[in-house]
Amino acid sequence: MPADVHNSPAGSPADSPGVPAAVAALAALETEPGVAKPDPILVADKVSRTFGGLVAVDVDHFEVQRGTITALIGPNGAGKTTFFNLLTGFDRADSGTRTFNGRSLKRISAAKVARMGMVRTFQLTKVLSKLTVLENMRLGAPKQSGERFWVGPFRFLWDGQEKENTERARELLARFKLDAKESDFAGELSGGQRKLLEMARSLMVEPELVMLDEPMAGVNPALKQSLLDHVRSLRDEGRTVLFVEHDMDMVRDISDWVVVMAQGRIIAEGPPDTVMADRRVIDAYLGAHHDTDITELDEETIASEAEAEIAAERLDEGREQA
Amino acid sequence: MDLLTTPLHDMFGPVTLSYVFLAMGLNIHYGYTGLLNFGQAAFAAVGAYTLAVSVASFDIPFVLAILLGVLAAVLLGLLMGIPTLRLRADYLAIVTIAVAESCRLIFSTQWKSHFHARDGVRGFVGGFRDLNPLPDYEGRVLSYNRNDLWVMIVGWALVALVCLLVWLLMRSPWGRVLKGIREDENAVRSLGKNVYSYKMQALVFGGVIGAFGGFIGALGNASVVPDDYNTDVTFVALTMLILGGAARVMSPVVGAMLFWGLFSFMGVLLDDVMSSNQITMIRWILVGVALMLLMIFRPQGIFGDKKELALDAR
Amino acid sequence: MSTGPHDPPRPGLPSGPRRRGVIAALLSALLVGLLVSLASPAQASDTPDGNVVRGVLQNTADNNAPVEGVTITVTSQDGQEYADTSDAAGEFLIEVPGEGGPVTIELDMDTLPEGVTLREEGQNVRKVVLLPNQEMPVLFAMGPDTRDVETKWDRLPGLVYSGLLFGLVLSLAALGLSMIFGTTGLTNFAHGELVGLGALLAYFLSVPMGIPFLLAVPLVVVIAMALGWAQDRGLWRPLRRRGTSLIAMMIITIGMQLALRYLYQFLTDGQRLNYQDYLTPPPHDFFGLFTYTSRDIAIIVVSVLVVVGVILALSFTRLGRATRAVSDNPALAASTGINVDRVISVVWIIGAGLAALSGVFLGFVQGVTYDIGQLVLLLLFAAVVAGGLGSVWGALIGSLLIGVLLDVSTLFVDAEVKNAGALLLLVLILLIRPQGLLGRKERIG
């Protein structure tokens with residue numbers, strides 16, 4: 001492990017010295033699946049998950065380098081979202097270990113994982129429709145004393161903190177160009193605006209690691225560029241980003257490192273250009289060509305474990321034909 | 001003339017009052033948190049029975065008995081919540097309805113020396129009536145007798161207090177978390193909130209409010225009878241809540257009064273046409289139909305605004 | 001809550017209709033209701049032969065010697081008294097004219113011979129409900145219990161048998177509930193009213209309308225299937241199209257349950273009704289373990305055939321496989337060309353038919369009452385959750401489990417509270433294995 005990266009302060013993203021250093025460190029790595037990173041913020045080892053006997057995820061080893069933008073790609077049904085759910089505690093793995101900042105995530109609830117600094121967004125955007133945009137943002141703020149039952153009724157006890165949170169929320173909304181919408185219901189926003197709101201809201205939690213599940217899905221092309229800029233700015237202010245994406249242009253544009261999954265396993269990883277030229281990756285995508293028809297629909301309608309279900313159906317059919 | 005005075009009498013009486021509490025509790029559950037509690041009657045039953053049995057069988061002072069009733073409601077909330085609140089919404093609905101039926105079964109068949117089966121518990125209102133500051137009078141004032149009036153004064157004052165408390169809570173960050181859970185609990189979880197704990201708090205809080213409905217009902221009737229707590233009671237409270245428009249502080253109050261007004265009005269109207277038994281059944285059929293129609297066509301309540309409805313449709 | 005303007009009525013009798021779409025539902029309900037009200041006066045005109053209460057008095061303290069000269073009195077609902085005195089063999093036989101109903105059977109303690117005592121104090125008065133034409137055996141135990149331990153366990157085979165029978169009948173309804181949940185995600189709180197519909201329709205077709213019972217049963221199932229289809233078509237499909245949330249739909253099922261239950265009550269005037277045919281078939285002894293009747297056998301055969309048929313159809317027919325695909329993932333199923341709406345329609349049709357058939361059978365055991373559905377709902381939920389919501393095999397196994405558990409539990413608790421045992425099982429299952437015995441593990445997020 002290069003010493004310079006080793007020295008980068010763990011735990012406080014804001015004063016991380018250098019995107020360049022963290023990113024540069026990646027250049028020296030072997031491009032093989034499961035390669036160890038010099039300064040991993042997130043490590044998963046031997047994580048597997050089966051649905052009804054079908055293996056959805058079986059990842060041998062996976063690390064995310066601190067201070068970089070890492071993309072997780074793969075053909076449909078590769079188990080990316082399931083893996084995301086496992087990493088964040090939204091689903092429980094059958095086996096394996098995960099650590100975040102060196103702390104084990106075993107038996108840690110999804111909420112606790114978020115409080116530890118690892119915050120995710122969802123493939124199907126989850127804004128809280130009947131709360132205003134500003135209330136959505138405030139909800140993200142951590143450690144609010146007014147969120148306790150006995151404190152809640154007494155405004156003077158939480159008023160000060162609420163003001164600070166509101167101020168921070170407004171700054172973020174301005175940055176994401178949502179400030180004009182702050183008193184609208186979140187349910188009134190367009191699809192792209194919801195994606196922005198969800199991303200902004202996740203920043204209210206002050207995460208070290210932001211995990212975005214298909215941030216570009218369903219976003220109007222006009223908004224894409226600004227979304228890309230936002231993702232880059234996350235890294236530039238010292239956070240780590242891990243995202244799942246189908247949009248290859250986006251992956252090529254902004255990621256520092258790409259991890260490819262197929263059939264639940266990691267089959268390749270490396271810098272974007274290297275990976276995309278990789279034979280195995282091309283095969284994986286081509287081999288999954290019949291999935292491409294479903295892709296569009298998938299984004300809107302099929303929930304995460306559909307991946308497993310597709311394969312289950314296919315297994316069934318295969319058995320019947322045989 | 002009765003056509004107006006009877007409904008008016010009923011709209012403010014102890015029975016309506018007890019339903020107001022039940023509906024206020026359901027408003028916390030369903031209106032603000034999105035929890036489906038079909039066993040609110042059980043909270044009222046457990047509250048009422050604890051109060052009644054504590055006083056009648058064990059001579060426990062009235063105020064202490066009330067506290068025990070609250071404690072019992074808290075425990076009941078935990079019993080319902082622990083197995084279900086980590087699971088899909090239906091499980092809570094199933095378990096609450098099962099608990100409510102089982103409670104009624106137990107109260108009507110077990111420990112007869114304390115619960116007195118279908119005869120119910122009596123002889124526990126003395127402590128409460130002794131506190132009555134109203135001057136002694138015979139007959140009725142504003143159509144209510146002295147005991148009813150005392151129950152109503154205390155009851156409506158409590159309603160005002162609970163409304164204030166709910167209003168304060170729902171504009172606080174605590175209420176914001178509940179509303180977030182109602183919209184999408186995974187989103188709230190992803191922001192680091194312990195959703196399970198908040199759902200439990202909401203279930204218990206709403207249940208305790210429901211137990212107060214049990215207290216008021218028991219004090220108003222001066223008796224506690226198992227069949228007063230059948231599951232239909234919960235469904236009526238739910239209808240009231242939706243009639244008034246869920247997730248508004250005053251909706252349970254408005255909904256309950258409106259409901260009883262209409263219910264009572266219909267009773268008087270049909271009085272000459274059919275037997276009281278038939279009237280009862282017809283009215284219940286209409287309650288069911290009304291609940292269906294409200295949920296289909298006006299889920300935001302009769303006073304709700306269209307904007308929120310439009311958001312639901314998305 | 002209470003004695004105010006509402007007063008929930010309770011006892012119950014049968015008849016009627018059922019539910020479904022908003023307008024279509026009201027219309028059909030009205031129609032069936034009309035038929036029932038026209039037909040119901042006919043019920044009074046039967047001429048039953050009356051009931052018989054009989055028994056043998058023996059004293060275990062005296063080597064099971066017969067006890068003679070003891071007077072037993074039966075007091076009927078309307079205050080009439082009928083009495084008999086035990087003969088030299090200790091036998092007594094009392095004829096009670098009329099159609100049955102609740103009666104009080106009392107052994108006159110003063111006529112007991114000296115030195116003979118009842119085993120348990122207060123056991124000289126019994127309250128029972130006589131079915132029409134029933135022969136009711138009554139046991140007055142005297143002297144010490146010579147088979148103390150055995151008696152309890154002697155009852156076990158009989159309880160297991162009756163539990164399995166009840167569970168099997170329950171499973172018919174549970175199957176439909178579980179399938180509807182599986183394909184639509186909807187927990188139908190009005191499913192019990194479909195069961196009630198079966199019992200009421202069977203009564204109404206066979207007794208007032210005089211259709212032979214064996215012909216009435218298939219008719220009931222067909223009518224229920226039609227109403228199941230109409231319900232989905234008129235109510236649930238439009239709501240699904242509108243994107244109404246499942247929670248809202250559950251509340252709608254509650255409204256429906258309430259409306260239908262009271263409609264049934266209105267139509268039956270809250271009476272408890274009984275079928276006329278096959279009501280008290282003669283019991284046969286099964287190797288001394290328990291007794292069964294030919295009616296039991298018929299119910300078992302029909303239920304098993306139907307349950308197995310449905311389960312096999314789900315596995316081996318195109319439609320069945322489509323149903324499973326929809327349960328697994330509706331969006332995906334739709335994208336592969338399955339007509340999801342059609343599948344759901346079929347599930348409602350079958351679910352309603354099964355529930356009604358279950359109701360027809362339950363009408364024998366529980367009597368035909370308007371609130372049969374409410375009584376059964378809790379058990380249905382316990383069965384389906386125990387087996388695994390959405391799992392077909394689970395619904396069957398859960399139902400059998402519930403049936404046996406409840407009946408066997410009467411060895412230890414009052415029969416009155418045995419249904420609370422279902423709750424206990426429900427809570428335990430949710431704590432230990434929330435997906436149920438055969439359900440698939442649920443994801444947290």
# chains A, B, ... in the order shown; residues from 1 in each chain; ligands from 1

$ interface_residues --of "chain B" --to "chain A" --cutoff "12 Å" --atoms "only C-alpha atoms" --output "NGL selection string"
:B and (32 or 86 or 162-202 or 204-205 or 247 or 307-314)

$ select_by_dssp --residues "segment 198-431 of chain C" --states "strand (DSSP E or B)" --output "JSON list (two decimals) with N, CA and C atoms, in the first residue's frame"
[["chain", "number", "residue", "atom", "x", "y", "z"],
["C", 273, "LEU", "N", -79.88, -20.81, 12.00],
["C", 273, "LEU", "CA", -80.65, -21.73, 11.15],
["C", 273, "LEU", "C", -79.93, -23.06, 11.03],
["C", 283, "PRO", "N", -73.69, -42.11, 14.01],
["C", 283, "PRO", "CA", -72.23, -42.24, 14.18],
["C", 283, "PRO", "C", -71.77, -43.68, 14.03],
["C", 284, "HIS", "N", -70.60, -43.86, 13.50],
["C", 284, "HIS", "CA", -69.97, -45.17, 13.43],
["C", 284, "HIS", "C", -68.71, -45.13, 14.28],
["C", 285, "ASP", "N", -68.38, -46.31, 14.80],
["C", 285, "ASP", "CA", -67.21, -46.36, 15.67],
["C", 285, "ASP", "C", -65.97, -46.73, 14.85],
["C", 286, "PHE", "N", -64.88, -46.04, 15.09],
["C", 286, "PHE", "CA", -63.65, -46.34, 14.37],
["C", 286, "PHE", "C", -62.67, -47.01, 15.33],
["C", 290, "PHE", "N", -62.45, -43.24, 17.83],
["C", 290, "PHE", "CA", -63.35, -42.09, 17.74],
["C", 290, "PHE", "C", -64.54, -42.51, 16.89],
["C", 291, "THR", "N", -65.53, -41.66, 16.79],
["C", 291, "THR", "CA", -66.68, -41.98, 15.95],
["C", 291, "THR", "C", -66.70, -41.05, 14.75],
["C", 292, "TYR", "N", -67.20, -41.58, 13.65],
["C", 292, "TYR", "CA", -67.32, -40.76, 12.45],
["C", 292, "TYR", "C", -68.69, -41.01, 11.84],
["C", 293, "THR", "N", -69.07, -40.17, 10.90],
["C", 293, "THR", "CA", -70.36, -40.35, 10.25],
["C", 293, "THR", "C", -70.15, -40.39, 8.75],
["C", 368, "VAL", "N", -75.94, -22.46, 10.86],
["C", 368, "VAL", "CA", -75.86, -21.42, 9.85],
["C", 368, "VAL", "C", -76.17, -20.09, 10.51]]

$ closest_residue --among "C:Val360, C:Ala355, C:Val427, C:Ala333" --to "chain A" --atoms "only C-alpha atoms"
C:Ala333

$ closest_residue --among "B:Val225, B:Val141, B:Val273, B:Met250" --to "chain C" --atoms "only C-alpha atoms"
B:Val225

$ residues_around --residues "segment 121-133 of chain B" --least-positions-apart "4" --cutoff "10 Å" --atoms "only C-alpha atoms" --output "PyMOL selection string"
chain B and resi 48-49+51-57+59-63+65+112-117+146-147+149-151+153-154+218-226

$ select_by_dssp --residues "segment 26-214 of chain B" --states "alpha helix (DSSP H)" --output "number ranges by chain"
B: 26, 40-58, 62-84, 89-109, 112-115, 126-130, 146-170, 173-183, 185-190, 195-214
